[in-house]
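Structure file run39.cif (mmCIF, C-alpha atoms, pLDDT in the B column; chains and numbers go by the auth columns) follows.
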```cif
data_input
#
loop_
_atom_site.group_PDB
_atom_site.id
_atom_site.type_symbol
_atom_site.label_atom_id
_atom_site.label_comp_id
_atom_site.label_asym_id
_atom_site.label_seq_id
_atom_site.Cartn_x
_atom_site.Cartn_y
_atom_site.Cartn_z
_atom_site.B_iso_or_equiv
_atom_site.auth_seq_id
_atom_site.auth_asym_id
ATOM 1 C CA MET A 1 -6.399 -4.936 26.193 75.00 1 U
ATOM 2 C CA GLN A 2 -2.816 -5.972 26.877 85.00 2 U
ATOM 3 C CA GLU A 3 -2.730 -7.832 23.582 89.00 3 U
ATOM 4 C CA LEU A 4 -3.693 -4.674 21.691 87.00 4 U
ATOM 5 C CA GLU A 5 -0.935 -2.768 23.467 92.00 5 U
ATOM 6 C CA HIS A 6 1.514 -5.448 22.343 94.00 6 U
ATOM 7 C CA LEU A 7 0.169 -5.244 18.777 95.00 7 U
ATOM 8 C CA TYR A 8 0.494 -1.462 18.863 95.00 8 U
ATOM 9 C CA ARG A 9 4.146 -1.699 19.887 96.00 9 U
ATOM 10 C CA ALA A 10 4.848 -4.455 17.365 96.00 10 U
ATOM 11 C CA HIS A 11 2.974 -3.111 14.339 96.00 11 U
ATOM 12 C CA GLY A 12 2.199 0.545 15.043 96.00 12 U
ATOM 13 C CA PRO A 13 5.284 1.952 13.279 96.00 13 U
ATOM 14 C CA ALA A 14 4.666 -0.099 10.115 95.00 14 U
ATOM 15 C CA LEU A 15 0.978 0.831 10.102 96.00 15 U
ATOM 16 C CA LEU A 16 1.832 4.503 10.581 96.00 16 U
ATOM 17 C CA ALA A 17 4.288 4.375 7.668 95.00 17 U
ATOM 18 C CA TYR A 18 1.652 2.688 5.474 95.00 18 U
ATOM 19 C CA LEU A 19 -1.005 5.245 6.392 95.00 19 U
ATOM 20 C CA ARG A 20 1.441 8.104 5.802 94.00 20 U
ATOM 21 C CA ARG A 21 2.365 6.837 2.324 91.00 21 U
ATOM 22 C CA ALA A 22 -1.078 5.746 1.200 91.00 22 U
ATOM 23 C CA PHE A 23 -3.379 8.301 2.816 92.00 23 U
ATOM 24 C CA GLY A 24 -1.240 11.042 4.357 91.00 24 U
ATOM 25 C CA TRP A 25 -2.443 13.474 1.710 89.00 25 U
ATOM 26 C CA CYS A 26 -5.954 13.544 3.156 90.00 26 U
ATOM 27 C CA ALA A 27 -5.559 13.428 6.946 91.00 27 U
ATOM 28 C CA SER A 28 -3.172 13.000 9.826 94.00 28 U
ATOM 29 C CA PRO A 29 -1.585 9.537 9.713 95.00 29 U
ATOM 30 C CA GLN A 30 -1.440 9.558 13.514 96.00 30 U
ATOM 31 C CA ASP A 31 -5.194 10.175 13.707 96.00 31 U
ATOM 32 C CA MET A 32 -5.832 7.339 11.259 96.00 32 U
ATOM 33 C CA LEU A 33 -3.559 5.053 13.292 97.00 33 U
ATOM 34 C CA GLN A 34 -5.499 5.929 16.429 96.00 34 U
ATOM 35 C CA GLU A 35 -8.771 5.178 14.614 96.00 35 U
ATOM 36 C CA THR A 36 -7.321 1.852 13.424 97.00 36 U
ATOM 37 C CA PHE A 37 -6.606 0.740 16.969 96.00 37 U
ATOM 38 C CA LEU A 38 -9.916 2.117 18.227 95.00 38 U
ATOM 39 C CA GLN A 39 -11.710 -0.063 15.669 95.00 39 U
ATOM 40 C CA ALA A 40 -9.478 -3.007 16.592 95.00 40 U
ATOM 41 C CA LEU A 41 -10.462 -2.500 20.225 94.00 41 U
ATOM 42 C CA HIS A 42 -14.147 -2.606 19.297 94.00 42 U
ATOM 43 C CA ARG A 43 -13.533 -5.842 17.356 92.00 43 U
ATOM 44 C CA ARG A 44 -11.068 -7.451 19.755 90.00 44 U
ATOM 45 C CA GLU A 45 -13.099 -10.682 19.918 92.00 45 U
ATOM 46 C CA ARG A 46 -12.292 -11.158 16.218 92.00 46 U
ATOM 47 C CA LEU A 47 -8.565 -11.067 17.024 89.00 47 U
ATOM 48 C CA ALA A 48 -8.707 -14.572 18.514 88.00 48 U
ATOM 49 C CA THR A 49 -9.895 -16.001 15.181 92.00 49 U
ATOM 50 C CA VAL A 50 -7.518 -14.299 12.726 92.00 50 U
ATOM 51 C CA ASP A 51 -4.547 -16.116 11.215 90.00 51 U
ATOM 52 C CA SER A 52 -2.385 -12.998 11.082 92.00 52 U
ATOM 53 C CA PRO A 53 -2.980 -10.139 13.534 94.00 53 U
ATOM 54 C CA ARG A 54 -0.640 -8.009 11.402 94.00 54 U
ATOM 55 C CA ALA A 55 -2.728 -8.534 8.254 94.00 55 U
ATOM 56 C CA TRP A 56 -5.920 -7.940 10.253 95.00 56 U
ATOM 57 C CA LEU A 57 -4.578 -4.600 11.492 96.00 57 U
ATOM 58 C CA PHE A 58 -3.406 -3.598 8.006 96.00 58 U
ATOM 59 C CA GLY A 59 -6.897 -4.406 6.733 95.00 59 U
ATOM 60 C CA ILE A 60 -8.485 -2.180 9.356 96.00 60 U
ATOM 61 C CA ALA A 61 -5.956 0.577 8.565 96.00 61 U
ATOM 62 C CA ARG A 62 -6.751 0.289 4.864 95.00 62 U
ATOM 63 C CA HIS A 63 -10.482 0.678 5.514 95.00 63 U
ATOM 64 C CA VAL A 64 -9.853 3.640 7.831 96.00 64 U
ATOM 65 C CA GLY A 65 -7.674 5.243 5.138 94.00 65 U
ATOM 66 C CA LEU A 66 -10.194 4.607 2.358 93.00 66 U
ATOM 67 C CA ASP A 67 -13.048 6.013 4.466 94.00 67 U
ATOM 68 C CA THR A 68 -10.954 9.062 5.326 93.00 68 U
ATOM 69 C CA ALA A 69 -9.999 9.592 1.679 91.00 69 U
ATOM 70 C CA ARG A 70 -13.659 9.447 0.612 90.00 70 U
ATOM 71 C CA LYS A 71 -14.539 12.118 3.163 88.00 71 U
ATOM 72 C CA HIS A 72 -11.581 14.372 2.324 81.00 72 U
ATOM 73 C CA ARG A 73 -11.450 14.596 -1.417 69.00 73 U
ATOM 74 C CA PRO A 74 -8.912 17.235 -2.482 56.00 74 U
ATOM 75 C CA THR A 75 -10.559 20.616 -2.900 51.00 75 U
ATOM 76 C CA GLU A 76 -7.555 22.749 -3.758 47.00 76 U
ATOM 77 C CA SER A 77 -6.313 23.222 -7.288 45.00 77 U
ATOM 78 C CA LEU A 78 -3.270 21.396 -8.540 44.00 78 U
ATOM 79 C CA ASP A 79 -1.432 24.730 -8.594 46.00 79 U
ATOM 80 C CA ASN A 80 -0.883 24.388 -4.833 48.00 80 U
ATOM 81 C CA VAL A 81 0.530 20.861 -4.957 44.00 81 U
ATOM 82 C CA PRO A 82 4.271 20.858 -4.199 47.00 82 U
ATOM 83 C CA VAL A 83 6.576 19.806 -6.988 46.00 83 U
ATOM 84 C CA TYR A 84 9.277 17.401 -5.911 47.00 84 U
ATOM 85 C CA PRO A 85 12.679 17.336 -7.564 50.00 85 U
ATOM 86 C CA ALA A 86 13.331 14.599 -10.085 49.00 86 U
ATOM 87 C CA GLU A 87 14.782 11.329 -8.865 47.00 87 U
ATOM 88 C CA PRO A 88 18.561 11.176 -9.345 56.00 88 U
ATOM 89 C CA ASP A 89 18.245 7.608 -10.646 62.00 89 U
ATOM 90 C CA GLY A 90 16.355 7.673 -13.953 72.00 90 U
ATOM 91 C CA ASP A 91 15.588 3.944 -13.844 78.00 91 U
ATOM 92 C CA LEU A 92 14.099 4.263 -10.364 81.00 92 U
ATOM 93 C CA ALA A 93 11.979 7.214 -11.452 84.00 93 U
ATOM 94 C CA ALA A 94 10.814 5.285 -14.525 84.00 94 U
ATOM 95 C CA MET A 95 9.948 2.270 -12.369 86.00 95 U
ATOM 96 C CA ARG A 96 7.960 4.418 -9.942 86.00 96 U
ATOM 97 C CA GLU A 97 6.111 5.995 -12.844 89.00 97 U
ATOM 98 C CA ALA A 98 5.376 2.561 -14.339 89.00 98 U
ATOM 99 C CA ILE A 99 4.039 1.347 -10.973 91.00 99 U
ATOM 100 C CA ALA A 100 1.880 4.472 -10.681 91.00 100 U
ATOM 101 C CA GLN A 101 0.357 3.677 -14.094 92.00 101 U
ATOM 102 C CA LEU A 102 -0.730 0.168 -13.053 94.00 102 U
ATOM 103 C CA PRO A 103 -4.443 -0.334 -12.443 95.00 103 U
ATOM 104 C CA PRO A 104 -5.237 0.021 -8.712 93.00 104 U
ATOM 105 C CA ALA A 105 -6.139 -3.685 -8.433 94.00 105 U
ATOM 106 C CA MET A 106 -2.559 -4.557 -9.463 95.00 106 U
ATOM 107 C CA ARG A 107 -0.745 -1.620 -7.875 94.00 107 U
ATOM 108 C CA GLU A 108 -2.113 -2.055 -4.358 94.00 108 U
ATOM 109 C CA PRO A 109 -0.969 -5.678 -3.822 95.00 109 U
ATOM 110 C CA LEU A 110 2.402 -4.856 -5.398 95.00 110 U
ATOM 111 C CA GLU A 111 2.958 -1.891 -3.086 93.00 111 U
ATOM 112 C CA LEU A 112 1.892 -3.933 -0.065 94.00 112 U
ATOM 113 C CA ARG A 113 4.370 -6.633 -1.014 93.00 113 U
ATOM 114 C CA LEU A 114 7.269 -4.282 -1.838 91.00 114 U
ATOM 115 C CA ARG A 115 6.784 -1.448 0.668 90.00 115 U
ATOM 116 C CA GLU A 116 5.108 -3.171 3.586 90.00 116 U
ATOM 117 C CA ASN A 117 6.743 -6.576 3.077 90.00 117 U
ATOM 118 C CA LEU A 118 3.418 -8.340 3.620 93.00 118 U
ATOM 119 C CA SER A 119 3.163 -12.014 2.692 94.00 119 U
ATOM 120 C CA TYR A 120 0.732 -13.196 0.017 95.00 120 U
ATOM 121 C CA GLU A 121 -1.502 -14.537 2.791 94.00 121 U
ATOM 122 C CA GLU A 122 -1.430 -11.218 4.637 94.00 122 U
ATOM 123 C CA ILE A 123 -2.253 -9.302 1.450 95.00 123 U
ATOM 124 C CA ALA A 124 -5.163 -11.664 0.759 95.00 124 U
ATOM 125 C CA THR A 125 -6.479 -11.147 4.275 93.00 125 U
ATOM 126 C CA MET A 126 -6.037 -7.389 4.138 93.00 126 U
ATOM 127 C CA LEU A 127 -7.683 -6.957 0.729 94.00 127 U
ATOM 128 C CA GLU A 128 -10.295 -9.635 1.451 93.00 128 U
ATOM 129 C CA ILE A 129 -9.504 -11.543 -1.736 95.00 129 U
ATOM 130 C CA PRO A 130 -8.385 -15.147 -2.364 96.00 130 U
ATOM 131 C CA ILE A 131 -4.656 -15.815 -2.247 96.00 131 U
ATOM 132 C CA GLY A 132 -4.809 -17.015 -5.863 97.00 132 U
ATOM 133 C CA THR A 133 -6.060 -13.573 -6.853 97.00 133 U
ATOM 134 C CA VAL A 134 -3.127 -11.979 -5.015 97.00 134 U
ATOM 135 C CA ARG A 135 -0.699 -14.243 -6.887 97.00 135 U
ATOM 136 C CA SER A 136 -2.366 -13.492 -10.204 97.00 136 U
ATOM 137 C CA ARG A 137 -2.382 -9.736 -9.649 96.00 137 U
ATOM 138 C CA LEU A 138 1.254 -9.698 -8.557 96.00 138 U
ATOM 139 C CA HIS A 139 2.276 -11.862 -11.518 96.00 139 U
ATOM 140 C CA ASN A 140 0.393 -9.632 -13.969 96.00 140 U
ATOM 141 C CA ALA A 141 1.789 -6.476 -12.373 95.00 141 U
ATOM 142 C CA MET A 142 5.359 -7.762 -12.658 94.00 142 U
ATOM 143 C CA ARG A 143 4.781 -8.837 -16.269 95.00 143 U
ATOM 144 C CA ARG A 144 3.448 -5.382 -17.142 93.00 144 U
ATOM 145 C CA LEU A 145 6.372 -3.694 -15.411 91.00 145 U
ATOM 146 C CA ARG A 146 8.890 -5.910 -17.226 91.00 146 U
ATOM 147 C CA ASP A 147 7.190 -5.148 -20.537 90.00 147 U
ATOM 148 C CA GLU A 148 7.061 -1.415 -19.769 85.00 148 U
ATOM 149 C CA MET A 149 10.635 -1.192 -18.547 84.00 149 U
ATOM 150 C CA GLY A 150 11.866 -3.378 -21.399 81.00 150 U
ATOM 151 C CA ALA A 151 10.176 -1.087 -23.903 65.00 151 U
ATOM 152 C CA GLU A 152 12.144 1.866 -22.523 56.00 152 U
ATOM 153 C CA GLN A 153 15.516 0.166 -22.882 52.00 153 U
ATOM 154 C CA PRO A 154 17.520 1.400 -25.881 50.00 154 U
ATOM 155 C CA ARG A 155 17.580 -1.051 -28.746 45.00 155 U
ATOM 156 C CA ARG A 156 20.994 -2.388 -29.655 46.00 156 U
ATOM 157 C CA ASN A 157 22.135 -2.213 -33.203 48.00 157 U
ATOM 158 C CA SER A 158 23.151 -5.674 -34.356 46.00 158 U
ATOM 159 C CA HIS A 159 25.406 -4.204 -37.064 50.00 159 U
ATOM 160 C CA GLY A 160 27.793 -2.404 -34.885 46.00 160 U
#
```
How does this structure look as structure tokens?
Amino acid sequence: MQELEHLYRAHGPALLAYLRRAFGWCASPQDMLQETFLQALHRRERLATVDSPRAWLFGIARHVGLDTARKHRPTESLDNVPVYPAEPDGDLAAMREAIAQLPPAMREPLELRLRENLSYEEIATMLEIPIGTVRSRLHNAMRRLRDEMGAEQPRRNSHG
């Protein structure tokens, strides 16, 4: 029990931020965080065998978020969705849009790496995929983003 309290103090804020960003649209991030640690408590014997407690907790949080999202599909029309002002930095806005257009299998590992600063090993553990698959998906995501962002750059005229 003490170990879970330590894990809560050490990783709770990062898990809460992840749940807020990824699943905050469908439920209270605090409730999902509580459910994450409740499930961790029920599986505490597994904790002794994991390589990365952080990745293990992120994996539980991901499953809690996905289950919550399945149960709380949006029912309101898009007319009620708030419109956020445009990003002041056009390149940043374009990059975010390009990331949003990636297939989920590429976008999720990329966001976990960039936003949550998870290692390749932690991402593999969390997503329950081989580390080679993580590397491949990240490589392909970066290649697509470079291609997409490069395509938006103005072409230089070689005559002038």
Open item on the list: Starting from the PyMOL selection byres ((chain U and resi 35-50) around 8), expand the selection into actual residues of this file and give them as a list in words.
Closed with: Met1, Leu4, Tyr8, Asp31, Met32, Leu33, Gln34, Asp51, Ser52, Pro53, Trp56, Leu57, Ile60, Ala61 and Val64 of chain U
Open item on the list: Since I can't run it myself right now, could you work out what the PyMOL selection byres ((chain U and resi 25-29) around 8) selects here and report it as a list of chain:residue names?
Closed with: U:Leu16, U:Leu19, U:Arg20, U:Ala22, U:Phe23, U:Gly24, U:Gln30, U:Asp31, U:Met32, U:Leu33, U:Thr68, U:Ala69, U:His72, U:Arg73, U:Pro74
Residues from the last selection, C-alpha atoms, saved as a PDB file, in the frame of the given file:
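What ended up in again-v3.pdb:
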```pdb
ATOM      1  CA  LEU U  16       1.832   4.503  10.581  1.00 96.00           C
ATOM      2  CA  LEU U  19      -1.005   5.245   6.392  1.00 95.00           C
ATOM      3  CA  ARG U  20       1.441   8.104   5.802  1.00 94.00           C
ATOM      4  CA  ALA U  22      -1.078   5.746   1.200  1.00 91.00           C
ATOM      5  CA  PHE U  23      -3.379   8.301   2.816  1.00 92.00           C
ATOM      6  CA  GLY U  24      -1.240  11.042   4.357  1.00 91.00           C
ATOM      7  CA  GLN U  30      -1.440   9.558  13.514  1.00 96.00           C
ATOM      8  CA  ASP U  31      -5.194  10.175  13.707  1.00 96.00           C
ATOM      9  CA  MET U  32      -5.832   7.339  11.259  1.00 96.00           C
ATOM     10  CA  LEU U  33      -3.559   5.053  13.292  1.00 97.00           C
ATOM     11  CA  THR U  68     -10.954   9.062   5.326  1.00 93.00           C
ATOM     12  CA  ALA U  69      -9.999   9.592   1.679  1.00 91.00           C
ATOM     13  CA  HIS U  72     -11.581  14.372   2.324  1.00 81.00           C
ATOM     14  CA  ARG U  73     -11.450  14.596  -1.417  1.00 69.00           C
ATOM     15  CA  PRO U  74      -8.912  17.235  -2.482  1.00 56.00           C
TER      16      PRO U  74
END
```
- [ ] Starting from the point (3.4, -9.8, -15.3), work out which residues of protein, DNA or RNA have an atom no more than 12 Å away when counting only C-alpha atoms; state them as a ChimeraX atom specification.
- [x] /U:99,102,106-107,110,135-149
Taking C-alpha atoms for each residue, export the selection above as a PDB file, in the coordinates of the input.
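Generated file (result.pdb):
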```
ATOM      1  CA  ILE U  99       4.039   1.347 -10.973  1.00 91.00           C
ATOM      2  CA  LEU U 102      -0.730   0.168 -13.053  1.00 94.00           C
ATOM      3  CA  MET U 106      -2.559  -4.557  -9.463  1.00 95.00           C
ATOM      4  CA  ARG U 107      -0.745  -1.620  -7.875  1.00 94.00           C
ATOM      5  CA  LEU U 110       2.402  -4.856  -5.398  1.00 95.00           C
ATOM      6  CA  ARG U 135      -0.699 -14.243  -6.887  1.00 97.00           C
ATOM      7  CA  SER U 136      -2.366 -13.492 -10.204  1.00 97.00           C
ATOM      8  CA  ARG U 137      -2.382  -9.736  -9.649  1.00 96.00           C
ATOM      9  CA  LEU U 138       1.254  -9.698  -8.557  1.00 96.00           C
ATOM     10  CA  HIS U 139       2.276 -11.862 -11.518  1.00 96.00           C
ATOM     11  CA  ASN U 140       0.393  -9.632 -13.969  1.00 96.00           C
ATOM     12  CA  ALA U 141       1.789  -6.476 -12.373  1.00 95.00           C
ATOM     13  CA  MET U 142       5.359  -7.762 -12.658  1.00 94.00           C
ATOM     14  CA  ARG U 143       4.781  -8.837 -16.269  1.00 95.00           C
ATOM     15  CA  ARG U 144       3.448  -5.382 -17.142  1.00 93.00           C
ATOM     16  CA  LEU U 145       6.372  -3.694 -15.411  1.00 91.00           C
ATOM     17  CA  ARG U 146       8.890  -5.910 -17.226  1.00 91.00           C
ATOM     18  CA  ASP U 147       7.190  -5.148 -20.537  1.00 90.00           C
ATOM     19  CA  GLU U 148       7.061  -1.415 -19.769  1.00 85.00           C
ATOM     20  CA  MET U 149      10.635  -1.192 -18.547  1.00 84.00           C
TER      21      MET U 149
END
```
Open item on the list: My list of candidates is U:Glu108, U:Arg62, U:Pro103, U:Gly90. Which is closest to Met126 in chain U when distances are computed with all atoms listed in the file?
Closed with: U:Arg62
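For the pair CA of Tyr120 in chain U and CA of Glu5 in chain U, the interatomic distance is 25.7 Å.
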- [ ] Record the distance separating CA of Ala14 in chain U and CA of Met95 in chain U, expressed in Å with one decimal.
- [x]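 Computing it gives 23.2 Å between the two atoms.
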In the coordinate frame of the file, compute which residues have an atom within 10 Å of (-11.6, 0.2, -1.6) when using only C-alpha atoms, and state them as a tab-separated table (two decimals) with C-alpha atoms, in the coordinates of the input.
```tsv
chain	number	residue	atom	x	y	z
U	62	ARG	CA	-6.75	0.29	4.86
U	63	HIS	CA	-10.48	0.68	5.51
U	65	GLY	CA	-7.67	5.24	5.14
U	66	LEU	CA	-10.19	4.61	2.36
U	67	ASP	CA	-13.05	6.01	4.47
U	70	ARG	CA	-13.66	9.45	0.61
U	104	PRO	CA	-5.24	0.02	-8.71
U	105	ALA	CA	-6.14	-3.68	-8.43
U	127	LEU	CA	-7.68	-6.96	0.73
```
Task: Selected residue, from U:Pro109, U:Gly150, U:Arg21, U:Leu114, that lies nearest to Val134 in chain U when counting all atoms listed in the file - done: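 Smallest distance to Val134 in chain U is found for U:Pro109.
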Task: Computed interatomic separation between CA of Lys71 in chain U and CA of Glu116 in chain U (Å) - done: 24.9 Å
Task: Nearest-residue call for Ser119 in chain U, choices U:Ala17, U:Arg96, U:Ala55, U:Leu7, using all atoms listed in the file - done: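 Closest to Ser119 in chain U of all the choices is U:Ala55.
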Provide range 96-112 of chain U rebuilt to N, CA and C atoms, formatted as a short mmCIF file (atom, residue, chain, number, x, y, z; two decimals), in the frame of the given file.
```
data_model
loop_
_atom_site.label_atom_id
_atom_site.label_comp_id
_atom_site.auth_asym_id
_atom_site.auth_seq_id
_atom_site.Cartn_x
_atom_site.Cartn_y
_atom_site.Cartn_z
N ARG U 96 9.03 3.85 -10.77
CA ARG U 96 7.96 4.42 -9.94
C ARG U 96 6.81 4.91 -10.82
N GLU U 97 7.15 5.52 -11.93
CA GLU U 97 6.11 6.00 -12.84
C GLU U 97 5.34 4.82 -13.43
N ALA U 98 6.04 3.75 -13.79
CA ALA U 98 5.38 2.56 -14.34
C ALA U 98 4.45 1.94 -13.30
N ILE U 99 4.89 1.88 -12.05
CA ILE U 99 4.04 1.35 -10.97
C ILE U 99 2.81 2.23 -10.79
N ALA U 100 3.00 3.54 -10.85
CA ALA U 100 1.88 4.47 -10.68
C ALA U 100 0.84 4.30 -11.79
N GLN U 101 1.27 3.84 -12.96
CA GLN U 101 0.36 3.68 -14.09
C GLN U 101 -0.41 2.35 -14.06
N LEU U 102 -0.01 1.44 -13.16
CA LEU U 102 -0.73 0.17 -13.05
C LEU U 102 -2.16 0.41 -12.57
N PRO U 103 -3.08 -0.44 -12.99
CA PRO U 103 -4.44 -0.33 -12.44
C PRO U 103 -4.40 -0.54 -10.92
N PRO U 104 -5.26 0.14 -10.18
CA PRO U 104 -5.24 0.02 -8.71
C PRO U 104 -5.29 -1.43 -8.21
N ALA U 105 -6.02 -2.29 -8.88
CA ALA U 105 -6.14 -3.68 -8.43
C ALA U 105 -4.80 -4.42 -8.51
N MET U 106 -3.90 -3.97 -9.37
CA MET U 106 -2.56 -4.56 -9.46
C MET U 106 -1.57 -3.78 -8.60
N ARG U 107 -1.71 -2.46 -8.59
CA ARG U 107 -0.74 -1.62 -7.88
C ARG U 107 -0.80 -1.84 -6.36
N GLU U 108 -2.00 -1.95 -5.81
CA GLU U 108 -2.11 -2.06 -4.36
C GLU U 108 -1.43 -3.31 -3.81
N PRO U 109 -1.69 -4.51 -4.35
CA PRO U 109 -0.97 -5.68 -3.82
C PRO U 109 0.54 -5.58 -4.02
N LEU U 110 0.97 -4.99 -5.14
CA LEU U 110 2.40 -4.86 -5.40
C LEU U 110 3.04 -3.93 -4.36
N GLU U 111 2.41 -2.81 -4.08
CA GLU U 111 2.96 -1.89 -3.09
C GLU U 111 2.95 -2.51 -1.69
N LEU U 112 1.92 -3.27 -1.38
CA LEU U 112 1.89 -3.93 -0.06
C LEU U 112 3.00 -4.96 0.06
#
```
